[in-house]
Amino acid sequence: MTETTYRDAIRQALLDAMQADPSVILIGEEVGLYGGAYGVTKGLIDLFGAERVIDAPISEPAIVGAAVGAAMTGLRPVAELMYVDFIGMTMDQLANQAAKSRYMFGGQIGVPMVLRTQGGTGRSAAAQHSQSLEAWVLHTPGLRLVMPATVNDAYHLLRQSLTQPDPVVFIEHKGLYTMKGDLDVATPDGAWGQPVIRRDGHDLVILSYSRMLHESLAAAERLAESGVDACVIDLRCLNPMDEAPLIEAVKRTGRAMVVTEGVVTGSVASDIAARLTEVCFDWLEEPILRVGGEDIPIPVSPLLERASIPTATLIHDTALWLVTRKAPPWAA
Amino acid sequence: MTETTYRDAIRQALLDAMQADPSVILIGEEVGLYGGAYGVTKGLIDLFGAERVIDAPISEPAIVGAAVGAAMTGLRPVAELMYVDFIGMTMDQLANQAAKSRYMFGGQIGVPMVLRTQGGTGRSAAAQHSQSLEAWVLHTPGLRLVMPATVNDAYHLLRQSLTQPDPVVFIEHKGLYTMKGDLDVATPDGAWGQPVIRRDGHDLVILSYSRMLHESLAAAERLAESGVDACVIDLRCLNPMDEAPLIEAVKRTGRAMVVTEGVVTGSVASDIAARLTEVCFDWLEEPILRVGGEDIPIPVSPLLERASIPTATLIHDTALWLVTRKAPPWAA
Amino acid sequence: MTLPTNSAPLARYRTMRRIRSFEERVGELFLKGESAGSMLHLSIGEEAVVGMTDAMQPGDTFTTHHRGHGVFLGRGADPARMMAEIAGKEDGYCRGKGGSMHIADRALGHLGANAIVGGGIPHIVGAGISYRNTRSGQISVAFFGDGAMSQGILYESMNMAALWHLPVIFCCINNQYGMGTRVDRSAGNRDFPARATAFGLNAARADGADVEAVHDAARSLAAAARDGRPGYLEIDAYRFFGHARMDKSPYRTPEEEVEGRARDPIARARARLAETDAATAADLDRIDGDAAVEMDLALAHAIGAKPPALSTMFEDVYAPGTPAPRPQAERLAAILGEGARA
Amino acid sequence: MTLPTNSAPLARYRTMRRIRSFEERVGELFLKGESAGSMLHLSIGEEAVVGMTDAMQPGDTFTTHHRGHGVFLGRGADPARMMAEIAGKEDGYCRGKGGSMHIADRALGHLGANAIVGGGIPHIVGAGISYRNTRSGQISVAFFGDGAMSQGILYESMNMAALWHLPVIFCCINNQYGMGTRVDRSAGNRDFPARATAFGLNAARADGADVEAVHDAARSLAAAARDGRPGYLEIDAYRFFGHARMDKSPYRTPEEEVEGRARDPIARARARLAETDAATAADLDRIDGDAAVEMDLALAHAIGAKPPALSTMFEDVYAPGTPAPRPQAERLAAILGEGARA
Ligand SMILES: Cc1ncc(C[n+]2csc(CCOP(=O)(O)OP(=O)(O)O)c2C)c(N)n1
Ligand SMILES: Cc1ncc(C[n+]2csc(CCOP(=O)(O)OP(=O)(O)O)c2C)c(N)n1
Ligand SMILES: [Mg+2]
Ligand SMILES: [Mg+2]
């Protein structure tokens, strides 16, 4: 158990995987000499050379396409998109190629690649560098989807991703890179596909992932001060996802909400809420509520940017209502 | 009121719009000489010339990008993607450029373009030519989204789309082109953004759009035989969408389901179900159920293809259960 | 039959003839209503691609576009399994999930046919990285049409191949049309090899009516590619028939068709083999007859083969042994069925 | 001050100096903690782009990449509104929603700066269609960096421009780096004009240390473009500083930097103006001083300007008068508030 950062945990996972398996390669913009736009791959080119740590031209579609071909022919590529916002250029290679090859070809040709990228707000990076686009991925059969919130998960989920036979989209959060936490390389927080209860509680369930987990935990602390005991679950893996623990928790508490940083309409939160409502309806005291990003592009003004995504306060107020039916001041 | 086909209604809308407004142009693959892969634009190049009906090279990203630029500079382009499956190549131009320009530029630069495309199963066109990808669009603020199910809507929603100041994604269904119906060029089925009740009923609400509307109506007929009276609502416009009539209907019946041809996970159905549950919870007798495409790529075998999307039978059985709690044979 | 020894041109003739016969049977399959859909793209007229496939070695890999039957037969495909796939049958190459536009075969190096124009091109860049890194000596070839010359991902891929000295070849089968668009209506400058050169590739153009000319160009490009000097080959051919089975070709004139079809690589090869006494007319007739029989059998096999079981629908989305998609009926049953309620 | 008449080179000197002063103030804005974020890309060293912007006429339009301050100043931007936008303020060009990477101005023909490498390039194709169809005589110019030479959409756009004879120019500001990648590490063949030629464009390359050379090339390309012969111009420049404000440039050597910075278009222009007696040292000093004052004022304005009101967040997603996004608080309130329950 060592204290490290989210950034370094990811770097460590890449390093350990590359040392353990010579077929692991990295390909992406600035992953080599520059060490990664956010410093995640720093020094790896010195350790593994330019054939395994490949600085790519600014050609996102072909970067993902090359990773598909490399995965088909025996390598285990980790392609990097500097920002998840650039995934739009690659959705054909990702959703029509990586995701569907195994199926279209009757099981013959798997694509064991990992697409690492990062998303989210927090740096006044404006509309094209701040998005949370995991909903597009979730809607694509054939793609696994992982979004680590903790340092230990950053390491282990990436190592686990690198053992998967199918393409994994691994989305980091730019606001978490400098976060510190404990890394235990021997012990993952949970198995692949398993949600993890980060804080148990019996009054309601807050389901979240990535950076919003931390806002949710902060909200839970404040809820505790009001005598409300929230169970906070980290979804971690969005595909595959074992729904059983979620169903259990929702049935147990009868109250739940889902928190995402992504634009709320058509979001992962909508999907989780709809799924859980279907199976937990008879146990629900209240509707499962969604709290997410506003239905707008992200503005550059730091003030507006902050206001466009959920805060611990909003989560707290919404949760408090779910339990007490006490309407928050802004909902009067 | 004349009887015509969905295909010809769309063609008529293009023709009328081009006659009424010289700034309307078409740009896409095979829209000119060939007359459109599905024959929608047949003859328009003869009427309006090659400067207004532009046969484009196979460059989807630049087709959408060119439409963005044309819209910024005074034209009203109708860009065509031959299959919605190709939208993956264009998601950057669509979601980062068309959708966000007005916002990023503080309201100065609108992008009044229409992206026409078609999706769905029914032709054994396999995994890359049969998808329903509207959920990606719904999750993108700045894009309007329209999916006509009827001949009259095919005409009017397209004419209405061509008066919008913002980008509209207009998704046709390949299985509807030869469908006949009444076209009344003077009277739309409903206003822009308004759902339309296609069949009223008081036992439950079936919400749907595009081709699944017709499966839903067929299911409703069969439900009537069992004494169940279903209200079938055609969503038509997914953005903007006036939720009021949906909420009214759901509260009135207390039972609802949403039917989509798209892959159910992360679908439009999930989103509509989640939204309506939030506001109608106290009125709901049962959970709002989602019926959609299986979570798989579309297989080429006509047998498997048909089995991978909802049928009137599945809709019927699910609806019947919602009302009677009588479990269908396959759910025993 | 046994081929006369040392007669690669004759073997190429035979492969070309088999391709043509195969494609004719695909047309029949459609007319009989036995094909999975109508998106069937015949490569009749483009058989000289065998000049390229013949320059490849066992272990080399490739991707194709939607008009890839000929390429795959050139690399050794079993026509019966191909035809079964085109009919959407369980014992087709892809278990009836892919169809004509998505045939693949790991064993023969076919990394997959693609229905996205340009979609399979970058995959050879990745394959090239694999082969470069392992010094395996393999090459990977992307086959695509003139239409893909308008897809940006092609140039991204070319640039990477040149920059990283990858053992790959970009092979453009220019059949003069992308659907209904003749190449002069899609290209601002029709000198495609100049584009490849500008991106740093070895580029060549060969007469698609002359399989031996194609083969000569392909051989030297393949040798260079194996040495880390990637190449581009344009095969200048003609698409004898419509784009797909439903196309009546309103965008081209009968004269244009007559002229194009006169550039028949099979007729040309046959004439040359006869001229050079490499084979007698009887030999060639026998080859033709054998091909016809072989493809008749493939057709019969496909028609008689079993369709896939419904349950196979959920297989192959993910690898065996990993969580599979939950069938919708199962999800709904868990909600609707007994015991699902409080 | 009044400029000596008939002195376009002097006017260009002045514009270049204003650009440099502006960019220096952007650096200060950041250091003072007053910028919206740190994604600020300075165009110091690339001021010779003024040779291109000066070849444009009123009514011509353009798009830029993320490093577009200089281009926009070259087309007449108000530095105070620019700086305010970079600070994320309400009276910035984009109401504080866009920031440095997304400045635009309809009135001056700026169709938008883009943070997607290559993202704004195809927009000039559409503008070109507009101008062609209306015979308006306008041209549209895309400004982008060497990094965008690796984006496929550039080649799709070039092909369309050539095919349709559009009045457009693709202007590559090659500053030798895409972030930390020197151009020889991103291009298999560094002869970029050859690429443009292969796609059918008029192509030229000009010394980015010499604004008049750039201007000469730009003028003739612009004239041809106005006639429907689209062009490509590469400005061979040098990025004096890091990629963005946080970059310590570990990927280049100090020697490389010294050599690159010696190619300073402002110093070169100044020397030439003095040599040719087009301006005295005093004239030039006055220009420099005026620029410094102007940009100090812009900086002060930006710092003092008001941030946008929270409610503006929901404006401009869609056009006024059409359904706007519903704020989340409103949605939740409707569920949580009084009267929302049965
Ligand atoms: C990305 C994409 N755009 C459009 C299509 C529709 N389409 C299928 S084949 C084709 C023409 C392709 O022409 P070419 O590349 O020359 O191949 P050919 O059919 O001539 O062999 C088109 C436009 C597609 N399948 N994929
Ligand atoms: C599509 C896309 N890929 C990557 C990036 C990240 N990025 C921002 S600027 C840049 C380098 C661009 O280099 P160049 O085009 O030469 O412009 P310069 O910064 O040198 O002016 C990169 C990789 C981006 N913004 N967009
Ligand atoms: Mg072709
Ligand atoms: Mg650069």
# chains A, B, ... in the order shown; residues from 1 in each chain; ligands from 1

call {"tool": "residues_around", "arguments": {"residues": "D:Tyr177", "least_positions_apart": "5", "cutoff": "12 Å", "atoms": "only C-alpha atoms", "output": "PyMOL selection string"}}
result
(chain A and resi 30+34+57-58) or (chain D and resi 145-149+182-187+236-244+249+251-252+256-257+260)

call {"tool": "interface_residues", "arguments": {"of": "chain C", "to": "chain D", "cutoff": "12 Å", "atoms": "only C-alpha atoms", "output": "PyMOL selection string"}}
result
chain C and resi 118+122+147-166+183-202+229-230

call {"tool": "closest_residue", "arguments": {"among": "C:Thr53, C:Asn174, C:Ser130, C:Thr280", "to": "chain A", "atoms": "only C-alpha atoms"}}
result
C:Ser130

call {"tool": "select_by_dssp", "arguments": {"residues": "stretch 227-330 of chain D", "states": "helix (DSSP H, G or I)", "output": "PyMOL selection string"}}
result
chain D and resi 254-261+265-275+281-304+310-314+328-330

call {"tool": "closest_atom_pairs", "arguments": {"of": "chain B", "to": "chain D", "cutoff": "6 Å", "atoms": "only C-alpha atoms", "output": "CSV"}}
result
residue,atom,partner,partner_atom,distance
B:Ser59,CA,D:Glu156,CA,5.9
B:Ala62,CA,D:Pro122,CA,5.5
B:Gly65,CA,D:Pro122,CA,4.8
B:Ala66,CA,D:Gly126,CA,4.0
B:Ala67,CA,D:Gly126,CA,5.6
B:Val68,CA,D:His123,CA,5.9
B:Gly69,CA,D:His123,CA,3.7
B:Ala70,CA,D:Gly126,CA,3.9
B:Thr73,CA,D:Ala127,CA,5.7
B:Arg102,CA,D:Asp316,CA,5.9
B:Tyr103,CA,D:Asp316,CA,4.8
B:Met104,CA,D:Gly98,CA,4.5
B:Phe105,CA,D:Cys94,CA,4.6
B:Gly106,CA,D:Cys94,CA,3.9
B:Gly107,CA,D:Asp316,CA,4.8
B:Gly142,CA,D:Val317,CA,5.5
B:Val279,CA,D:Ile335,CA,5.5
B:Asp282,CA,D:Ala342,CA,5.4

call {"tool": "write_last_selection", "arguments": {"atoms": "N, CA and C atoms", "output": "PDB file, in the first residue's frame"}}
result
ATOM      1  N   SER B  59     -16.895  11.340 -48.721  1.00  0.00           N
ATOM      2  CA  SER B  59     -16.134  12.070 -47.693  1.00  0.00           C
ATOM      3  C   SER B  59     -17.108  12.559 -46.643  1.00  0.00           C
ATOM      4  N   ALA B  62     -16.256  15.624 -44.375  1.00  0.00           N
ATOM      5  CA  ALA B  62     -16.229  16.911 -45.078  1.00  0.00           C
ATOM      6  C   ALA B  62     -17.597  17.286 -45.635  1.00  0.00           C
ATOM      7  N   GLY B  65     -19.077  18.840 -42.701  1.00  0.00           N
ATOM      8  CA  GLY B  65     -18.331  20.075 -42.462  1.00  0.00           C
ATOM      9  C   GLY B  65     -18.649  21.146 -43.489  1.00  0.00           C
ATOM     10  N   ALA B  66     -18.784  20.744 -44.743  1.00  0.00           N
ATOM     11  CA  ALA B  66     -19.118  21.712 -45.788  1.00  0.00           C
ATOM     12  C   ALA B  66     -20.517  22.272 -45.547  1.00  0.00           C
ATOM     13  N   ALA B  67     -21.417  21.425 -45.117  1.00  0.00           N
ATOM     14  CA  ALA B  67     -22.771  21.898 -44.824  1.00  0.00           C
ATOM     15  C   ALA B  67     -22.737  22.921 -43.688  1.00  0.00           C
ATOM     16  N   VAL B  68     -21.907  22.677 -42.707  1.00  0.00           N
ATOM     17  CA  VAL B  68     -21.769  23.637 -41.599  1.00  0.00           C
ATOM     18  C   VAL B  68     -21.333  24.996 -42.155  1.00  0.00           C
ATOM     19  N   GLY B  69     -20.299  24.969 -42.988  1.00  0.00           N
ATOM     20  CA  GLY B  69     -19.789  26.228 -43.537  1.00  0.00           C
ATOM     21  C   GLY B  69     -20.796  26.904 -44.452  1.00  0.00           C
ATOM     22  N   ALA B  70     -21.513  26.119 -45.217  1.00  0.00           N
ATOM     23  CA  ALA B  70     -22.524  26.698 -46.105  1.00  0.00           C
ATOM     24  C   ALA B  70     -23.627  27.345 -45.276  1.00  0.00           C
ATOM     25  N   THR B  73     -22.804  30.689 -43.912  1.00  0.00           N
ATOM     26  CA  THR B  73     -22.604  31.772 -44.878  1.00  0.00           C
ATOM     27  C   THR B  73     -23.828  32.004 -45.756  1.00  0.00           C
ATOM     28  N   ARG B 102     -23.048  27.969 -32.430  1.00  0.00           N
ATOM     29  CA  ARG B 102     -23.818  29.094 -31.908  1.00  0.00           C
ATOM     30  C   ARG B 102     -23.407  29.404 -30.477  1.00  0.00           C
ATOM     31  N   TYR B 103     -23.268  28.371 -29.682  1.00  0.00           N
ATOM     32  CA  TYR B 103     -22.952  28.574 -28.272  1.00  0.00           C
ATOM     33  C   TYR B 103     -21.542  29.116 -28.065  1.00  0.00           C
ATOM     34  N   MET B 104     -20.569  28.421 -28.638  1.00  0.00           N
ATOM     35  CA  MET B 104     -19.178  28.824 -28.437  1.00  0.00           C
ATOM     36  C   MET B 104     -18.945  30.250 -28.884  1.00  0.00           C
ATOM     37  N   PHE B 105     -19.654  30.651 -29.938  1.00  0.00           N
ATOM     38  CA  PHE B 105     -19.423  31.974 -30.494  1.00  0.00           C
ATOM     39  C   PHE B 105     -20.430  32.983 -29.948  1.00  0.00           C
ATOM     40  N   GLY B 106     -21.003  32.649 -28.812  1.00  0.00           N
ATOM     41  CA  GLY B 106     -21.834  33.616 -28.101  1.00  0.00           C
ATOM     42  C   GLY B 106     -23.083  34.041 -28.855  1.00  0.00           C
ATOM     43  N   GLY B 107     -23.602  33.130 -29.684  1.00  0.00           N
ATOM     44  CA  GLY B 107     -24.858  33.433 -30.359  1.00  0.00           C
ATOM     45  C   GLY B 107     -24.705  34.074 -31.729  1.00  0.00           C
ATOM     46  N   GLY B 142     -27.688  21.211 -28.706  1.00  0.00           N
ATOM     47  CA  GLY B 142     -27.433  22.018 -29.900  1.00  0.00           C
ATOM     48  C   GLY B 142     -27.984  21.388 -31.154  1.00  0.00           C
ATOM     49  N   VAL B 279     -41.300  12.522 -13.167  1.00  0.00           N
ATOM     50  CA  VAL B 279     -42.445  13.422 -12.927  1.00  0.00           C
ATOM     51  C   VAL B 279     -43.776  12.714 -12.726  1.00  0.00           C
ATOM     52  N   ASP B 282     -45.750   9.227  -8.844  1.00  0.00           N
ATOM     53  CA  ASP B 282     -46.887   9.021  -7.937  1.00  0.00           C
ATOM     54  C   ASP B 282     -48.128   8.509  -8.659  1.00  0.00           C
TER      55      ASP B 282
END

call {"tool": "atom_distance", "arguments": {"atom1": "atom CA of A:Leu15", "atom2": "atom CA of C:Arg135"}}
result
23.1 Å

call {"tool": "interface_residues", "arguments": {"of": "chain A", "to": "chain B", "cutoff": "7 Å", "atoms": "only C-alpha atoms", "output": "ChimeraX atom specification"}}
result
/A:86,88-92,96,100,104,127-128,135-136,138-139,141,263,265-268,270-271,273-274,277-278,281,287-289,295-297

call {"tool": "write_last_selection", "arguments": {"atoms": "N, CA, C and O atoms", "output": "tab-separated table (two decimals), in the first residue's frame"}}
result
chain	number	residue	atom	x	y	z
A	86	PHE	N	-12.50	14.22	-28.68
A	86	PHE	CA	-12.08	13.90	-30.05
A	86	PHE	C	-12.66	12.57	-30.50
A	86	PHE	O	-12.40	12.12	-31.61
A	88	GLY	N	-15.47	11.86	-31.37
A	88	GLY	CA	-16.38	12.02	-32.49
A	88	GLY	C	-15.74	11.69	-33.82
A	88	GLY	O	-16.39	11.15	-34.72
A	89	MET	N	-14.47	12.00	-33.96
A	89	MET	CA	-13.78	11.69	-35.23
A	89	MET	C	-13.56	10.19	-35.37
A	89	MET	O	-13.24	9.72	-36.45
A	90	THR	N	-13.64	9.48	-34.26
A	90	THR	CA	-13.24	8.08	-34.27
A	90	THR	C	-14.41	7.13	-34.07
A	90	THR	O	-14.21	5.92	-33.96
A	91	MET	N	-15.61	7.67	-34.00
A	91	MET	CA	-16.74	6.78	-33.69
A	91	MET	C	-16.94	5.71	-34.75
A	91	MET	O	-17.46	4.63	-34.46
A	92	ASP	N	-16.54	5.97	-35.98
A	92	ASP	CA	-16.65	4.90	-36.96
A	92	ASP	C	-15.69	3.77	-36.63
A	92	ASP	O	-16.08	2.61	-36.55
A	96	ASN	N	-18.06	1.02	-35.38
A	96	ASN	CA	-18.32	0.13	-36.52
A	96	ASN	C	-17.21	-0.91	-36.71
A	96	ASN	O	-17.46	-1.95	-37.31
A	100	LYS	N	-17.58	-4.11	-33.57
A	100	LYS	CA	-18.37	-5.09	-34.32
A	100	LYS	C	-17.57	-6.18	-34.99
A	100	LYS	O	-18.16	-7.12	-35.53
A	104	MET	N	-19.38	-9.46	-36.49
A	104	MET	CA	-19.57	-9.56	-37.95
A	104	MET	C	-18.82	-10.75	-38.51
A	104	MET	O	-19.25	-11.37	-39.47
A	127	ALA	N	-15.93	24.18	-24.79
A	127	ALA	CA	-16.92	23.21	-25.27
A	127	ALA	C	-16.33	21.97	-25.93
A	127	ALA	O	-16.96	20.91	-25.95
A	128	GLN	N	-15.13	22.09	-26.50
A	128	GLN	CA	-14.57	20.96	-27.24
A	128	GLN	C	-13.46	20.24	-26.49
A	128	GLN	O	-12.76	19.39	-27.06
A	135	ALA	N	-21.84	8.15	-22.73
A	135	ALA	CA	-23.16	7.62	-23.13
A	135	ALA	C	-23.11	7.06	-24.56
A	135	ALA	O	-23.79	6.08	-24.86
A	136	TRP	N	-22.32	7.69	-25.43
A	136	TRP	CA	-22.20	7.16	-26.79
A	136	TRP	C	-21.60	5.76	-26.76
A	136	TRP	O	-21.97	4.90	-27.56
A	138	LEU	N	-21.61	3.64	-24.15
A	138	LEU	CA	-22.52	2.69	-23.49
A	138	LEU	C	-23.56	2.14	-24.46
A	138	LEU	O	-24.00	1.00	-24.34
A	139	HIS	N	-23.93	2.95	-25.43
A	139	HIS	CA	-24.99	2.59	-26.39
A	139	HIS	C	-24.44	1.71	-27.52
A	139	HIS	O	-25.17	1.38	-28.44
A	141	PRO	N	-23.00	-1.84	-28.45
A	141	PRO	CA	-22.67	-3.21	-28.06
A	141	PRO	C	-21.31	-3.59	-28.64
A	141	PRO	O	-20.99	-3.21	-29.76
A	263	VAL	N	-23.96	15.50	-19.88
A	263	VAL	CA	-25.24	16.13	-20.19
A	263	VAL	C	-26.37	15.16	-19.84
A	263	VAL	O	-26.35	14.00	-20.26
A	265	THR	N	-29.57	14.66	-20.51
A	265	THR	CA	-30.47	14.05	-21.48
A	265	THR	C	-29.73	12.97	-22.28
A	265	THR	O	-28.67	13.23	-22.84
A	266	GLY	N	-30.30	11.81	-22.29
A	266	GLY	CA	-29.68	10.70	-23.00
A	266	GLY	C	-28.43	10.17	-22.33
A	266	GLY	O	-27.59	9.53	-22.96
A	267	SER	N	-28.32	10.41	-21.03
A	267	SER	CA	-27.08	10.08	-20.33
A	267	SER	C	-27.06	8.67	-19.77
A	267	SER	O	-28.07	7.96	-19.75
A	268	VAL	N	-25.91	8.30	-19.26
A	268	VAL	CA	-25.77	7.06	-18.50
A	268	VAL	C	-26.71	7.08	-17.30
A	268	VAL	O	-27.30	6.05	-16.95
A	270	SER	N	-29.66	8.40	-17.16
A	270	SER	CA	-31.00	8.04	-17.64
A	270	SER	C	-31.10	6.52	-17.75
A	270	SER	O	-32.10	5.91	-17.37
A	271	ASP	N	-30.06	5.93	-18.30
A	271	ASP	CA	-30.12	4.50	-18.54
A	271	ASP	C	-30.16	3.71	-17.24
A	271	ASP	O	-30.97	2.79	-17.08
A	273	ALA	N	-31.11	4.74	-14.33
A	273	ALA	CA	-32.39	5.00	-13.66
A	273	ALA	C	-33.51	4.16	-14.27
A	273	ALA	O	-34.31	3.54	-13.57
A	274	ALA	N	-33.53	4.11	-15.61
A	274	ALA	CA	-34.60	3.35	-16.28
A	274	ALA	C	-34.49	1.87	-15.96
A	274	ALA	O	-35.49	1.20	-15.67
A	277	THR	N	-35.38	1.19	-12.27
A	277	THR	CA	-36.80	1.38	-12.03
A	277	THR	C	-37.59	0.15	-12.48
A	277	THR	O	-38.52	-0.30	-11.80
A	278	GLU	N	-37.21	-0.38	-13.62
A	278	GLU	CA	-37.92	-1.55	-14.13
A	278	GLU	C	-37.95	-2.70	-13.11
A	278	GLU	O	-38.99	-3.32	-12.91
A	281	PHE	N	-39.24	-1.32	-9.06
A	281	PHE	CA	-40.39	-0.43	-8.93
A	281	PHE	C	-41.20	-0.66	-7.65
A	281	PHE	O	-41.52	0.29	-6.93
A	287	PRO	N	-39.31	8.27	-7.04
A	287	PRO	CA	-38.68	8.00	-8.34
A	287	PRO	C	-37.16	8.06	-8.22
A	287	PRO	O	-36.63	8.79	-7.39
A	288	ILE	N	-36.50	7.29	-9.04
A	288	ILE	CA	-35.04	7.42	-9.10
A	288	ILE	C	-34.72	8.70	-9.86
A	288	ILE	O	-35.17	8.88	-10.99
A	289	LEU	N	-34.01	9.57	-9.21
A	289	LEU	CA	-33.75	10.88	-9.83
A	289	LEU	C	-32.39	10.91	-10.50
A	289	LEU	O	-31.45	10.23	-10.08
A	295	ASP	N	-28.00	20.62	-19.99
A	295	ASP	CA	-28.12	20.27	-21.41
A	295	ASP	C	-27.57	21.38	-22.31
A	295	ASP	O	-28.28	21.91	-23.17
A	296	ILE	N	-26.30	21.67	-22.11
A	296	ILE	CA	-25.66	22.76	-22.85
A	296	ILE	C	-24.21	22.37	-23.16
A	296	ILE	O	-23.66	21.48	-22.51
A	297	PRO	N	-23.59	23.01	-24.15
A	297	PRO	CA	-22.15	22.84	-24.31
A	297	PRO	C	-21.45	23.47	-23.10
A	297	PRO	O	-22.02	24.32	-22.43

call {"tool": "residues_around", "arguments": {"residues": "B:Ala79", "least_positions_apart": "2", "cutoff": "12 Å", "atoms": "only C-alpha atoms", "output": "ChimeraX atom specification"}}
result
/B:14,24-31,41,52-56,59-71,75-77,81-83,87,90,94,98,112-117,162,167-171 /D:126

call {"tool": "closest_residue", "arguments": {"among": "D:Gly178, D:Gly304, D:Pro250, D:Pro58", "to": "ligand 4", "atoms": "only C-alpha atoms and all ligand atoms"}}
result
D:Gly178

call {"tool": "closest_residue", "arguments": {"among": "B:Pro165, B:Val111, B:Ala17, B:Lys174", "to": "B:Ala37", "atoms": "only C-alpha atoms"}}
result
B:Lys174

call {"tool": "select_by_dssp", "arguments": {"residues": "stretch 93-218 of chain A", "states": "strand (DSSP E)", "output": "number ranges by chain"}}
result
A: 114-119, 144-146, 168-173, 180-183, 196-199, 204-208

call {"tool": "closest_residue", "arguments": {"among": "D:Ala278, D:Ile235, D:Ala292, D:Leu31", "to": "ligand 4", "atoms": "only C-alpha atoms and all ligand atoms"}}
result
D:Ile235

call {"tool": "residues_around", "arguments": {"residues": "B:Ala154", "least_positions_apart": "6", "cutoff": "6 Å", "atoms": "only C-alpha atoms", "output": "number ranges by chain"}}
result
B: 9-10, 148

call {"tool": "write_last_selection", "arguments": {"atoms": "N, CA and C atoms", "output": "PDB file, in the first residue's frame"}}
result
ATOM      1  N   ALA B   9     -42.996  11.750 -50.337  1.00  0.00           N
ATOM      2  CA  ALA B   9     -43.328  12.891 -49.480  1.00  0.00           C
ATOM      3  C   ALA B   9     -42.055  13.665 -49.127  1.00  0.00           C
ATOM      4  N   ILE B  10     -40.992  12.928 -48.874  1.00  0.00           N
ATOM      5  CA  ILE B  10     -39.723  13.596 -48.556  1.00  0.00           C
ATOM      6  C   ILE B  10     -39.222  14.338 -49.797  1.00  0.00           C
ATOM      7  N   PRO B 148     -39.545  11.018 -38.500  1.00  0.00           N
ATOM      8  CA  PRO B 148     -40.928  10.879 -38.947  1.00  0.00           C
ATOM      9  C   PRO B 148     -41.344   9.425 -39.129  1.00  0.00           C
TER      10      PRO B 148
END
